[in-house]
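What follows is one structure encoded as structure tokens, with my remarks underneath.
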Amino acid sequence: MNIVVCVKQTVDTAAVISVEGGMVSWGDTPLVLNPWDEFAVEEGLRIREAHGGTVTALTVGKESAQEALRSALAMGADEALLIKDDGLSGADSLVISAVLAGAVQKLGDVDLVLFGREAVDSNAGVLSAQVARRLHWPSLPLVACISALDPASKSLDVERMLDQGRQHVRASLPAVISVVKEINEPRYASFIGIRKASRVDIPVWGVDDLGVPVPDPGVAWLTVENAPQQDVACEFIEAPDEVAAARALVARLREEKVL
Amino acid sequence: MTARLLVYLDHLEGTITSASWEALGAGKALAEELQVALEAVVVGDDCMAAAEAAASLGVGLVRAASHPGLKDFHACAYADVLAPLAEGAEAVIFPDNGRTRELAAILAVDLEAGLIPDVIALSVEEGTILARRAIYSGKVHSSVRSSGKKPILLTLRNRAFPALKEGSSAGKVETLEVADPDADVEVLGYERTTAGVSLADAAVIVAGGRGVTGNVNLEPPGELSSPEEIEAWKAAAAFAQLQELADALGAALGATRAVVDAGYIEYAHQIGQTGKVVTPDLYFAFGISGAIQHLAGIRSARTVVAVNKDPEAPIFRSARFGIIGDMHRVVPALLDALKE
């Protein structure tokens with residue numbers, strides 16, 4: 001099984017985010033491997049451990065995005081590849097999906113592409129389906145469990161977590177899946193893993209090296225601003241005990257017509 | 001072909017979802033402002049009734065694409081149906097959920113069109129649709145439009161737009177001829193997991209955090225010895241009571257990451273940065289301290305009620321009403337008070 005895990009470098013979820021001078025700022029909080037992508041890397045490693053093969057971490061970004069790839073390598077990925085985003089400013093999912101699909105094609109002989117469900121910065125979660133469509137491979141987003149995988153017959157059964165329930169789906173390999181948090185518990189990188197990852201020479205490709213046409217973006221980003229602060233002052237319900245407090249709260253909620 | 005705007009109507013077993021009526025409401029407002037025709041489409045194995053329901057509310061033209069092979073949702077097959085209709089439209093609007101986001105993503109590739117997912121507000125400026133979406137889990141809002149490519153694909157967040165309730169004149173329903181769908185994914189089965197109200201649609205949410213394990217007045221059965229077992233047992237009892245309160249309020253049940261990670265409740269209930277972002281009118285936070293990642297998920301809640309023993313809990317800074325007290329006493333008292 002040759003597995004590609006598509007990852008992104010993002011801010012940590014605990015970072016304090018604000019908009020300054022028309023740009024999103026996170027102070028000096030270090031950037032990390034997108035937390036959702038850890039589940040994808042972990043699942044790739046588990047499949048490799050069960051069936052053999054290789055796990056390659058892939059990202060599109062600046063030179064500094066190599067750090068996210070090193071996090072994946074430290075967890076146990078075999079190889080990493082950075083596609084430099086020179087000339088891709090203002091790229092949307094249409095553009096990035098074309099670049100990722102081009103990279104998977106150029107890598108060749110890939111059986112499975114894994115994504116985390118979404119990036120914690122852009123919150124879009126559409127790339128896995130778009131890369132699948134570009135490669136003409138089955139698209140399986142929001143996978144909570146790989147229930148069967150048979151590399152010999154190239155067959156894959158998964159459970160997808162949809163809004164109201166679970167869908168059991170069968171597809172053939174190669175395929176593209178995105179995983180949700182329920183699927184596994186990502187391992188921590190070992191000290192040896194981190195040391196090994198720091199020494200890996202990560203190959204860097206340009207978009208031109210892919211030999212695929214990259215479309216113009218379909219979306220134009222205009223402005224960003226801080227989300228409006230809800231200016232709420234908490235009205236504490238004062239009462240001698242919880243029973244009286246509950247009664248007073250229900251009365252207030254009814255008065256305010258929120259109940 | 002006249003300028004038009006297309007709304008995709010999502011349905012569950014033939015019943016149009018509430019979010020689809022919101023998409024129609026938003027679509028109608030946009031179509032009027034852009035002075036273009038409003039069209040809608042339903043895809044499934046038998047969608048005549050759903051199409052007629054939409055047409056009766058004044059949607060000019062509703063297309064029903066029925067085929068036995070489209071019974072199960074299959075994004076690629078559905079995109080094949082939508083592509084010819086979407087071509088040339090100003091915009092295609094979807095209610096947002098896991099299924100429709102995949103469908104819109106695939107359609108965007110087929111049409112080489114821009115996709116703006118999870119839109120929270122829409123406006124028109126100089127004949128162009130402007131969309132607002134929340135990024136960084138709601139901490140930042142970004143304003144986005146089409147780069148000029150047509151159509152622009154939009155998925156709309158649930159409960160962010162008023163639903164289409166009534167129309168002036170009944171529209172037309174047209175049956176769409178569908179070729180045998182080409183499915184590369186075989187659906188083996190589907191099971192509903194969330195009994196009751198889904199978090200995305202909920203007007204009221206009752207949620208529990210770490211406080212669920214702290215009921216000092218509950219005597220665990222003797223066979224439980226380890227503190228972990230006792231905490232899990234207490235948490236289960238507390239969530240059963242929160243579920244009872246949720247049922248009384250017609251609410252959905254939510255939880256924080258801490259209690260999901262501890263295994264006290266399924267991930268499907270998790271609200272926050274790595275769970276669901278919700279938009280209820282009323283949010284009850286029981287025993288939730290208010291970590292920044294959790295608050296990111298409830299930013300759009302209209303009224304937050306917090307119950308916590310700790311008066312310093314950050315959740316109170318986001319709450320409209322607060323009770324400083326033991327959730328395990330407040331929840332049963334609330335159940336009684338609601339009956340009065």
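Lettering and numbering for the structure tokens are positional, with chains as A, B, ... in the shown order, residues counted from 1 in each chain, and ligands counted from 1 in the shown order.
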Need to verify the contact set: Ile16 of chain B, 10 Å, only C-alpha atoms, exclusion of same-chain residues closer than 4 positions in sequence. Can you return it as a CSV table (one decimal) with all heavy atoms, in the first residue's frame?
```
chain,number,residue,atom,x,y,z
B,9,LEU,N,-32.1,21.5,-3.4
B,9,LEU,CA,-32.9,21.1,-2.2
B,9,LEU,C,-32.5,19.8,-1.7
B,9,LEU,O,-32.6,18.7,-2.4
B,9,LEU,CB,-34.4,21.1,-2.6
B,9,LEU,CG,-34.9,22.4,-3.1
B,9,LEU,CD1,-36.3,22.2,-3.6
B,9,LEU,CD2,-34.8,23.5,-2.1
B,10,ASP,N,-31.9,19.7,-0.5
B,10,ASP,CA,-31.5,18.5,0.2
B,10,ASP,C,-32.7,17.9,0.9
B,10,ASP,O,-33.6,18.6,1.4
B,10,ASP,CB,-30.4,18.9,1.2
B,10,ASP,CG,-29.8,17.6,1.8
B,10,ASP,OD1,-29.6,16.6,1.1
B,10,ASP,OD2,-29.5,17.7,3.0
B,11,HIS,N,-32.8,16.6,0.9
B,11,HIS,CA,-33.9,15.9,1.5
B,11,HIS,C,-33.5,14.7,2.2
B,11,HIS,O,-32.5,14.1,1.9
B,11,HIS,CB,-35.0,15.6,0.5
B,11,HIS,CG,-34.6,14.7,-0.5
B,11,HIS,ND1,-34.8,13.3,-0.4
B,11,HIS,CD2,-34.0,14.9,-1.7
B,11,HIS,CE1,-34.3,12.7,-1.5
B,11,HIS,NE2,-33.8,13.6,-2.3
B,12,LEU,N,-34.2,14.3,3.2
B,12,LEU,CA,-34.0,13.0,3.9
B,12,LEU,C,-35.2,12.2,3.6
B,12,LEU,O,-36.3,12.5,4.1
B,12,LEU,CB,-33.8,13.2,5.4
B,12,LEU,CG,-32.4,13.6,5.8
B,12,LEU,CD1,-32.4,13.9,7.3
B,12,LEU,CD2,-31.3,12.6,5.5
B,20,SER,N,-32.8,23.4,3.8
B,20,SER,CA,-33.1,23.7,2.4
B,20,SER,C,-34.1,24.9,2.2
B,20,SER,O,-34.0,25.6,1.3
B,20,SER,CB,-33.7,22.5,1.7
B,20,SER,OG,-32.7,21.4,1.7
B,21,TRP,N,-35.1,25.0,3.1
B,21,TRP,CA,-36.0,26.1,3.1
B,21,TRP,C,-35.2,27.4,3.3
B,21,TRP,O,-35.6,28.4,2.8
B,21,TRP,CB,-37.1,25.9,4.1
B,21,TRP,CG,-38.0,24.7,3.8
B,21,TRP,CD1,-38.1,23.6,4.5
B,21,TRP,CD2,-38.8,24.6,2.6
B,21,TRP,NE1,-39.0,22.7,3.9
B,21,TRP,CE2,-39.5,23.3,2.8
B,21,TRP,CE3,-39.1,25.4,1.5
B,21,TRP,CZ2,-40.3,22.8,1.8
B,21,TRP,CZ3,-40.0,24.9,0.6
B,21,TRP,CH2,-40.6,23.6,0.7
B,42,VAL,N,-34.4,19.0,-7.1
B,42,VAL,CA,-34.4,18.0,-6.1
B,42,VAL,C,-33.9,16.7,-6.8
B,42,VAL,O,-34.3,16.4,-7.9
B,42,VAL,CB,-35.8,17.7,-5.5
B,42,VAL,CG1,-35.7,16.9,-4.2
B,42,VAL,CG2,-36.6,18.9,-5.4
B,47,CYS,N,-38.8,12.2,-6.1
B,47,CYS,CA,-38.8,13.5,-5.5
B,47,CYS,C,-39.8,14.5,-6.0
B,47,CYS,O,-39.8,15.7,-5.8
B,47,CYS,CB,-37.4,14.2,-5.6
B,47,CYS,SG,-36.4,13.7,-7.0
B,49,ALA,N,-43.0,14.9,-4.8
B,49,ALA,CA,-43.7,15.5,-3.7
B,49,ALA,C,-42.8,16.7,-3.2
B,49,ALA,O,-43.3,17.8,-2.9
B,49,ALA,CB,-44.0,14.5,-2.6
B,50,ALA,N,-41.5,16.4,-3.0
B,50,ALA,CA,-40.6,17.5,-2.5
B,50,ALA,C,-40.6,18.6,-3.5
B,50,ALA,O,-40.6,19.8,-3.0
B,50,ALA,CB,-39.2,16.9,-2.3
B,51,ALA,N,-40.5,18.4,-4.8
B,51,ALA,CA,-40.5,19.4,-5.8
B,51,ALA,C,-41.8,20.2,-5.7
B,51,ALA,O,-41.7,21.5,-5.8
B,51,ALA,CB,-40.2,18.8,-7.1
B,53,ALA,N,-43.7,20.7,-3.2
B,53,ALA,CA,-43.8,21.5,-2.0
B,53,ALA,C,-43.0,22.8,-2.2
B,53,ALA,O,-43.5,23.9,-1.8
B,53,ALA,CB,-43.2,20.7,-0.8
B,54,ALA,N,-41.9,22.7,-2.9
B,54,ALA,CA,-41.1,23.9,-3.1
B,54,ALA,C,-41.8,24.8,-4.1
B,54,ALA,O,-41.8,26.1,-3.9
B,54,ALA,CB,-39.7,23.5,-3.6
```
Could you build a table of the residues in chain B lying no more than 7 Å from chain A, giving for each the nearest pair of atoms and their separation in Å rounded to one decimal place, using only C-alpha atoms, ordered by chain and ascending residue number, as CSV?
```
residue,atom,partner,partner_atom,distance
B:Asn97,CA,A:Asp163,CA,6.7
B:Gly98,CA,A:Leu162,CA,5.8
B:Arg101,CA,A:Val126,CA,6.8
B:Glu102,CA,A:Ala129,CA,5.9
B:Ala105,CA,A:Val126,CA,5.5
B:Ile106,CA,A:Gln130,CA,5.5
B:Val109,CA,A:Gln130,CA,6.2
B:Ala113,CA,A:Gly218,CA,5.3
B:Gly114,CA,A:Gly218,CA,3.6
B:Leu115,CA,A:Val219,CA,6.9
B:Pro117,CA,A:Ala124,CA,6.0
B:Ile135,CA,A:Ser122,CA,5.2
B:Tyr136,CA,A:Asp121,CA,4.3
B:Ser137,CA,A:Val120,CA,6.7
B:Gly138,CA,A:Ala227,CA,6.7
B:Lys139,CA,A:Ala227,CA,5.4
B:Val140,CA,A:Asn226,CA,4.7
B:His141,CA,A:Ala227,CA,5.3
B:Ser142,CA,A:Val224,CA,4.3
B:Ser143,CA,A:Thr223,CA,5.3
B:Val144,CA,A:Trp221,CA,4.7
B:Arg145,CA,A:Ala220,CA,5.4
B:Ser146,CA,A:Val219,CA,4.5
B:Ser147,CA,A:Val219,CA,4.7
B:Lys149,CA,A:Gly218,CA,5.8
B:Asp184,CA,A:Pro138,CA,5.9
B:Val185,CA,A:Ala171,CA,4.8
B:Glu186,CA,A:Arg170,CA,5.0
B:Val187,CA,A:Val169,CA,4.5
B:Leu188,CA,A:His168,CA,5.2
B:Gly189,CA,A:His168,CA,5.0
B:Tyr190,CA,A:Gln167,CA,4.4
B:Glu191,CA,A:Arg166,CA,5.3
B:Arg192,CA,A:Gly165,CA,3.9
B:Thr193,CA,A:Gly165,CA,4.5
B:Thr194,CA,A:Gln164,CA,5.7
B:Ser198,CA,A:Gln164,CA,6.7
B:Tyr267,CA,A:Glu182,CA,6.5
B:Leu282,CA,A:Val258,CA,6.8
B:Ile292,CA,A:Ala14,CA,6.9
B:Gln293,CA,A:Thr13,CA,6.7
B:Phe316,CA,A:Cys234,CA,6.3
B:Arg317,CA,A:Cys234,CA,6.6
B:Ser318,CA,A:Val232,CA,6.4
B:Ala319,CA,A:Cys234,CA,5.4
B:Arg320,CA,A:Cys234,CA,4.6
B:Phe321,CA,A:Glu235,CA,4.8
B:Gly322,CA,A:Phe236,CA,4.6
B:Ile323,CA,A:Ile237,CA,5.4
B:Gly325,CA,A:Glu242,CA,6.7
B:Arg329,CA,A:Glu242,CA,6.0
B:Val330,CA,A:Glu242,CA,5.3
B:Ala333,CA,A:Val243,CA,5.0
B:Leu334,CA,A:Ala246,CA,5.0
B:Ala337,CA,A:Arg247,CA,5.2
B:Leu338,CA,A:Val250,CA,6.9
```
How would you write, as an NGL selection string, the set of residues in segment 97-257 of chain A that DSSP gives as strand (DSSP E)? :A and (112-116 or 139-150 or 155-161 or 165-172 or 175-179 or 204-206 or 219-226 or 235-236)
Helix (DSSP H, G or I) residues, from DSSP on the backbone, in segment 81-184 of chain A, as a list of chain:residue names: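 The helix (DSSP H, G or I) residues within segment 81-184 of chain A come out as A:Ser93, A:Leu94, A:Val95, A:Ile96, A:Ser97, A:Ala98, A:Val99, A:Leu100, A:Ala101, A:Gly102, A:Ala103, A:Val104, A:Gln105, A:Lys106, A:Leu107, A:Leu127, A:Ser128, A:Ala129, A:Gln130, A:Val131, A:Ala132, A:Arg133, A:Arg134, A:Leu135, A:Lys181, A:Glu182, A:Ile183.
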Output N, CA, C and O atoms for every residue in the selection just made, as a short mmCIF file (atom, residue, chain, number, x, y, z; two decimals), in the first residue's frame.
```cif
data_model
loop_
_atom_site.label_atom_id
_atom_site.label_comp_id
_atom_site.auth_asym_id
_atom_site.auth_seq_id
_atom_site.Cartn_x
_atom_site.Cartn_y
_atom_site.Cartn_z
N SER A 93 -9.58 26.34 -3.35
CA SER A 93 -9.59 24.87 -3.36
C SER A 93 -9.48 24.33 -4.79
O SER A 93 -8.94 23.25 -5.01
N LEU A 94 -10.00 25.09 -5.74
CA LEU A 94 -9.90 24.68 -7.14
C LEU A 94 -8.43 24.54 -7.57
O LEU A 94 -8.04 23.58 -8.23
N VAL A 95 -7.63 25.50 -7.15
CA VAL A 95 -6.21 25.53 -7.50
C VAL A 95 -5.45 24.46 -6.72
O VAL A 95 -4.71 23.65 -7.30
N ILE A 96 -5.63 24.45 -5.41
CA ILE A 96 -4.86 23.52 -4.56
C ILE A 96 -5.20 22.07 -4.90
O ILE A 96 -4.32 21.20 -4.92
N SER A 97 -6.48 21.80 -5.21
CA SER A 97 -6.85 20.42 -5.54
C SER A 97 -6.16 19.99 -6.83
O SER A 97 -5.74 18.84 -6.98
N ALA A 98 -6.00 20.93 -7.78
CA ALA A 98 -5.30 20.60 -9.03
C ALA A 98 -3.83 20.30 -8.77
O ALA A 98 -3.25 19.36 -9.33
N VAL A 99 -3.22 21.09 -7.88
CA VAL A 99 -1.80 20.90 -7.56
C VAL A 99 -1.59 19.57 -6.84
O VAL A 99 -0.69 18.78 -7.19
N LEU A 100 -2.45 19.28 -5.84
CA LEU A 100 -2.30 18.03 -5.09
C LEU A 100 -2.54 16.82 -5.98
O LEU A 100 -1.80 15.83 -5.92
N ALA A 101 -3.57 16.90 -6.83
CA ALA A 101 -3.85 15.78 -7.72
C ALA A 101 -2.68 15.58 -8.68
O ALA A 101 -2.27 14.44 -8.96
N GLY A 102 -2.10 16.69 -9.16
CA GLY A 102 -0.94 16.61 -10.04
C GLY A 102 0.24 15.95 -9.35
O GLY A 102 0.96 15.12 -9.93
N ALA A 103 0.45 16.29 -8.08
CA ALA A 103 1.57 15.72 -7.33
C ALA A 103 1.35 14.23 -7.10
O ALA A 103 2.29 13.43 -7.22
N VAL A 104 0.14 13.83 -6.77
CA VAL A 104 -0.16 12.40 -6.55
C VAL A 104 0.09 11.63 -7.84
O VAL A 104 0.68 10.54 -7.83
N GLN A 105 -0.33 12.22 -8.95
CA GLN A 105 -0.14 11.56 -10.24
C GLN A 105 1.35 11.41 -10.57
O GLN A 105 1.80 10.39 -11.05
N LYS A 106 2.10 12.48 -10.28
CA LYS A 106 3.53 12.44 -10.60
C LYS A 106 4.28 11.47 -9.69
O LYS A 106 5.21 10.80 -10.13
N LEU A 107 3.85 11.39 -8.42
CA LEU A 107 4.45 10.40 -7.52
C LEU A 107 4.25 9.00 -8.08
O LEU A 107 5.13 8.16 -8.04
N LEU A 127 -11.22 19.66 -0.01
CA LEU A 127 -10.13 19.23 -0.89
C LEU A 127 -10.16 17.74 -1.20
O LEU A 127 -9.87 17.34 -2.33
N SER A 128 -10.50 16.89 -0.22
CA SER A 128 -10.43 15.45 -0.48
C SER A 128 -11.36 15.08 -1.64
O SER A 128 -10.99 14.34 -2.53
N ALA A 129 -12.57 15.62 -1.62
CA ALA A 129 -13.53 15.32 -2.69
C ALA A 129 -13.03 15.87 -4.02
O ALA A 129 -13.17 15.24 -5.07
N GLN A 130 -12.41 17.05 -3.97
CA GLN A 130 -11.97 17.67 -5.22
C GLN A 130 -10.77 16.94 -5.82
O GLN A 130 -10.68 16.77 -7.04
N VAL A 131 -9.85 16.50 -4.95
CA VAL A 131 -8.70 15.73 -5.45
C VAL A 131 -9.19 14.41 -6.04
O VAL A 131 -8.75 13.97 -7.10
N ALA A 132 -10.16 13.77 -5.35
CA ALA A 132 -10.72 12.51 -5.85
C ALA A 132 -11.32 12.72 -7.24
O ALA A 132 -11.08 11.93 -8.16
N ARG A 133 -12.08 13.78 -7.40
CA ARG A 133 -12.75 14.02 -8.69
C ARG A 133 -11.70 14.28 -9.78
O ARG A 133 -11.86 13.83 -10.91
N ARG A 134 -10.65 14.99 -9.44
CA ARG A 134 -9.64 15.28 -10.45
C ARG A 134 -8.90 14.02 -10.87
O ARG A 134 -8.49 13.88 -12.02
N LEU A 135 -8.70 13.10 -9.91
CA LEU A 135 -8.00 11.86 -10.23
C LEU A 135 -8.95 10.80 -10.80
O LEU A 135 -8.50 9.73 -11.20
N LYS A 181 -12.06 12.65 13.61
CA LYS A 181 -11.34 12.39 14.85
C LYS A 181 -11.64 11.03 15.47
O LYS A 181 -10.80 10.43 16.12
N GLU A 182 -12.85 10.54 15.24
CA GLU A 182 -13.26 9.27 15.85
C GLU A 182 -12.42 8.09 15.37
O GLU A 182 -12.40 7.04 16.00
N ILE A 183 -11.70 8.24 14.27
CA ILE A 183 -11.08 7.09 13.61
C ILE A 183 -9.95 6.47 14.43
O ILE A 183 -9.75 5.26 14.38
#
```
Contact residues around Asp261 of chain B with only C-alpha atoms at 12 Å, ignoring same-chain residues under 5 positions, as a ChimeraX atom specification: /A:181-182,184-185 /B:209-210,232,255-256,266-270,274-275
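If you look at atom CA of Ala251 of chain B and atom CA of Gly263 of chain B, they are 22.0 Å away from each other.
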I'd like the interatomic distance between atom CA of Leu57 of chain B and atom CA of Asp118 of chain B, to a tenth of an Å.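 That distance, rounded to one decimal, is 24.8 Å.
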Show which residues sit within 9 Å of Glu33 of chain B, as an mmCIF file with C-alpha atoms, in the first residue's frame. Count only C-alpha atoms, and ignore same-chain residues fewer than 5 positions away.
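What landed in part_11.cif:
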```cif
data_model
loop_
_atom_site.group_PDB
_atom_site.id
_atom_site.type_symbol
_atom_site.label_atom_id
_atom_site.label_comp_id
_atom_site.auth_asym_id
_atom_site.auth_seq_id
_atom_site.Cartn_x
_atom_site.Cartn_y
_atom_site.Cartn_z
ATOM 1 C CA LYS B 28 -35.064 34.149 -3.303
ATOM 2 C CA SER B 123 -25.238 40.566 0.096
ATOM 3 C CA VAL B 124 -25.157 42.045 -3.390
ATOM 4 C CA GLY B 127 -24.436 43.163 -9.211
#
```
Distance criterion (only C-alpha atoms): nearest to Ala72 of chain A out of A:Ile47, A:Ala152, A:Ile194, A:Ile3: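 For Ala72 of chain A, the nearest of the given residues is A:Ile194.
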Selection near Arg4 of chain B, 9 Å with only C-alpha atoms, sequence-local residues under 5 positions removed, as a list in words: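 Counting only C-alpha atoms, the residues come to Ala31, Gln35, Val36, Ala37, Leu38, Glu39, Gly88, Ala89, Glu90 and Ala91 of chain B.
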Please write the residues from the selection above to a file, keeping all heavy atoms, as a PDB file, in the first residue's frame.
```
ATOM      1  N   ALA B  31     -31.995  36.414  -5.689  1.00  0.00           N
ATOM      2  CA  ALA B  31     -32.534  36.446  -7.054  1.00  0.00           C
ATOM      3  C   ALA B  31     -33.285  37.749  -7.295  1.00  0.00           C
ATOM      4  O   ALA B  31     -33.188  38.348  -8.369  1.00  0.00           O
ATOM      5  CB  ALA B  31     -33.440  35.238  -7.282  1.00  0.00           C
ATOM      6  N   GLN B  35     -32.194  40.484  -9.828  1.00  0.00           N
ATOM      7  CA  GLN B  35     -33.209  40.439 -10.891  1.00  0.00           C
ATOM      8  C   GLN B  35     -32.972  39.287 -11.849  1.00  0.00           C
ATOM      9  O   GLN B  35     -32.894  39.460 -13.074  1.00  0.00           O
ATOM     10  CB  GLN B  35     -33.262  41.773 -11.625  1.00  0.00           C
ATOM     11  CG  GLN B  35     -33.700  42.895 -10.686  1.00  0.00           C
ATOM     12  CD  GLN B  35     -33.783  44.232 -11.374  1.00  0.00           C
ATOM     13  OE1 GLN B  35     -32.840  44.636 -12.052  1.00  0.00           O
ATOM     14  NE2 GLN B  35     -34.896  44.902 -11.204  1.00  0.00           N
ATOM     15  N   VAL B  36     -32.808  38.109 -11.249  1.00  0.00           N
ATOM     16  CA  VAL B  36     -32.674  36.893 -12.057  1.00  0.00           C
ATOM     17  C   VAL B  36     -33.739  35.909 -11.598  1.00  0.00           C
ATOM     18  O   VAL B  36     -34.333  36.056 -10.541  1.00  0.00           O
ATOM     19  CB  VAL B  36     -31.270  36.259 -11.915  1.00  0.00           C
ATOM     20  CG1 VAL B  36     -30.192  37.228 -12.354  1.00  0.00           C
ATOM     21  CG2 VAL B  36     -31.011  35.788 -10.494  1.00  0.00           C
ATOM     22  N   ALA B  37     -33.988  34.879 -12.433  1.00  0.00           N
ATOM     23  CA  ALA B  37     -35.006  33.889 -12.100  1.00  0.00           C
ATOM     24  C   ALA B  37     -34.485  32.943 -11.023  1.00  0.00           C
ATOM     25  O   ALA B  37     -33.293  32.656 -10.958  1.00  0.00           O
ATOM     26  CB  ALA B  37     -35.380  33.103 -13.354  1.00  0.00           C
ATOM     27  N   LEU B  38     -35.407  32.469 -10.163  1.00  0.00           N
ATOM     28  CA  LEU B  38     -35.039  31.516  -9.116  1.00  0.00           C
ATOM     29  C   LEU B  38     -35.497  30.119  -9.536  1.00  0.00           C
ATOM     30  O   LEU B  38     -36.653  29.908  -9.879  1.00  0.00           O
ATOM     31  CB  LEU B  38     -35.715  31.900  -7.799  1.00  0.00           C
ATOM     32  CG  LEU B  38     -35.482  30.945  -6.624  1.00  0.00           C
ATOM     33  CD1 LEU B  38     -34.023  30.943  -6.202  1.00  0.00           C
ATOM     34  CD2 LEU B  38     -36.367  31.334  -5.437  1.00  0.00           C
ATOM     35  N   GLU B  39     -34.563  29.182  -9.560  1.00  0.00           N
ATOM     36  CA  GLU B  39     -34.892  27.793  -9.875  1.00  0.00           C
ATOM     37  C   GLU B  39     -34.386  26.907  -8.751  1.00  0.00           C
ATOM     38  O   GLU B  39     -33.454  27.266  -8.040  1.00  0.00           O
ATOM     39  CB  GLU B  39     -34.216  27.366 -11.184  1.00  0.00           C
ATOM     40  CG  GLU B  39     -34.753  28.096 -12.393  1.00  0.00           C
ATOM     41  CD  GLU B  39     -34.057  27.662 -13.674  1.00  0.00           C
ATOM     42  OE1 GLU B  39     -33.239  26.720 -13.607  1.00  0.00           O
ATOM     43  OE2 GLU B  39     -34.342  28.258 -14.707  1.00  0.00           O
ATOM     44  N   GLY B  88     -23.985  28.032 -16.481  1.00  0.00           N
ATOM     45  CA  GLY B  88     -24.605  29.278 -16.914  1.00  0.00           C
ATOM     46  C   GLY B  88     -25.395  29.994 -15.839  1.00  0.00           C
ATOM     47  O   GLY B  88     -25.809  31.133 -16.025  1.00  0.00           O
ATOM     48  N   ALA B  89     -25.631  29.330 -14.697  1.00  0.00           N
ATOM     49  CA  ALA B  89     -26.337  30.017 -13.607  1.00  0.00           C
ATOM     50  C   ALA B  89     -25.403  31.048 -12.978  1.00  0.00           C
ATOM     51  O   ALA B  89     -24.184  30.930 -13.082  1.00  0.00           O
ATOM     52  CB  ALA B  89     -26.808  29.010 -12.566  1.00  0.00           C
ATOM     53  N   GLU B  90     -25.992  32.052 -12.323  1.00  0.00           N
ATOM     54  CA  GLU B  90     -25.174  33.032 -11.603  1.00  0.00           C
ATOM     55  C   GLU B  90     -24.521  32.366 -10.399  1.00  0.00           C
ATOM     56  O   GLU B  90     -23.355  32.587 -10.109  1.00  0.00           O
ATOM     57  CB  GLU B  90     -26.052  34.186 -11.098  1.00  0.00           C
ATOM     58  CG  GLU B  90     -26.753  34.973 -12.181  1.00  0.00           C
ATOM     59  CD  GLU B  90     -25.766  35.721 -13.040  1.00  0.00           C
ATOM     60  OE1 GLU B  90     -24.875  36.380 -12.472  1.00  0.00           O
ATOM     61  OE2 GLU B  90     -25.873  35.641 -14.282  1.00  0.00           O
ATOM     62  N   ALA B  91     -25.344  31.592  -9.694  1.00  0.00           N
ATOM     63  CA  ALA B  91     -24.869  30.939  -8.472  1.00  0.00           C
ATOM     64  C   ALA B  91     -25.651  29.669  -8.247  1.00  0.00           C
ATOM     65  O   ALA B  91     -26.789  29.535  -8.715  1.00  0.00           O
ATOM     66  CB  ALA B  91     -25.036  31.872  -7.275  1.00  0.00           C
TER      67      ALA B  91
END
```
List the neighbours of Pro220 of chain B out to 12 Å using only C-alpha atoms; skip same-chain residues closer than 2 positions along the sequence, and give me the result as an NGL selection string. :B and (213-218 or 222-237)
When you count only C-alpha atoms, which of these residues is closest to Arg159 of chain B: B:Leu253, B:Ile205, B:Ala19, B:Leu245?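 Under the stated criterion, the closest residue is B:Ala19.
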Shell around segment 65-67 of chain B at 12 Å using only C-alpha atoms, local window under 3 positions removed, as a PyMOL selection string: chain B and resi 8-9+14+40-51+62+70-73+77-82+85+173-182
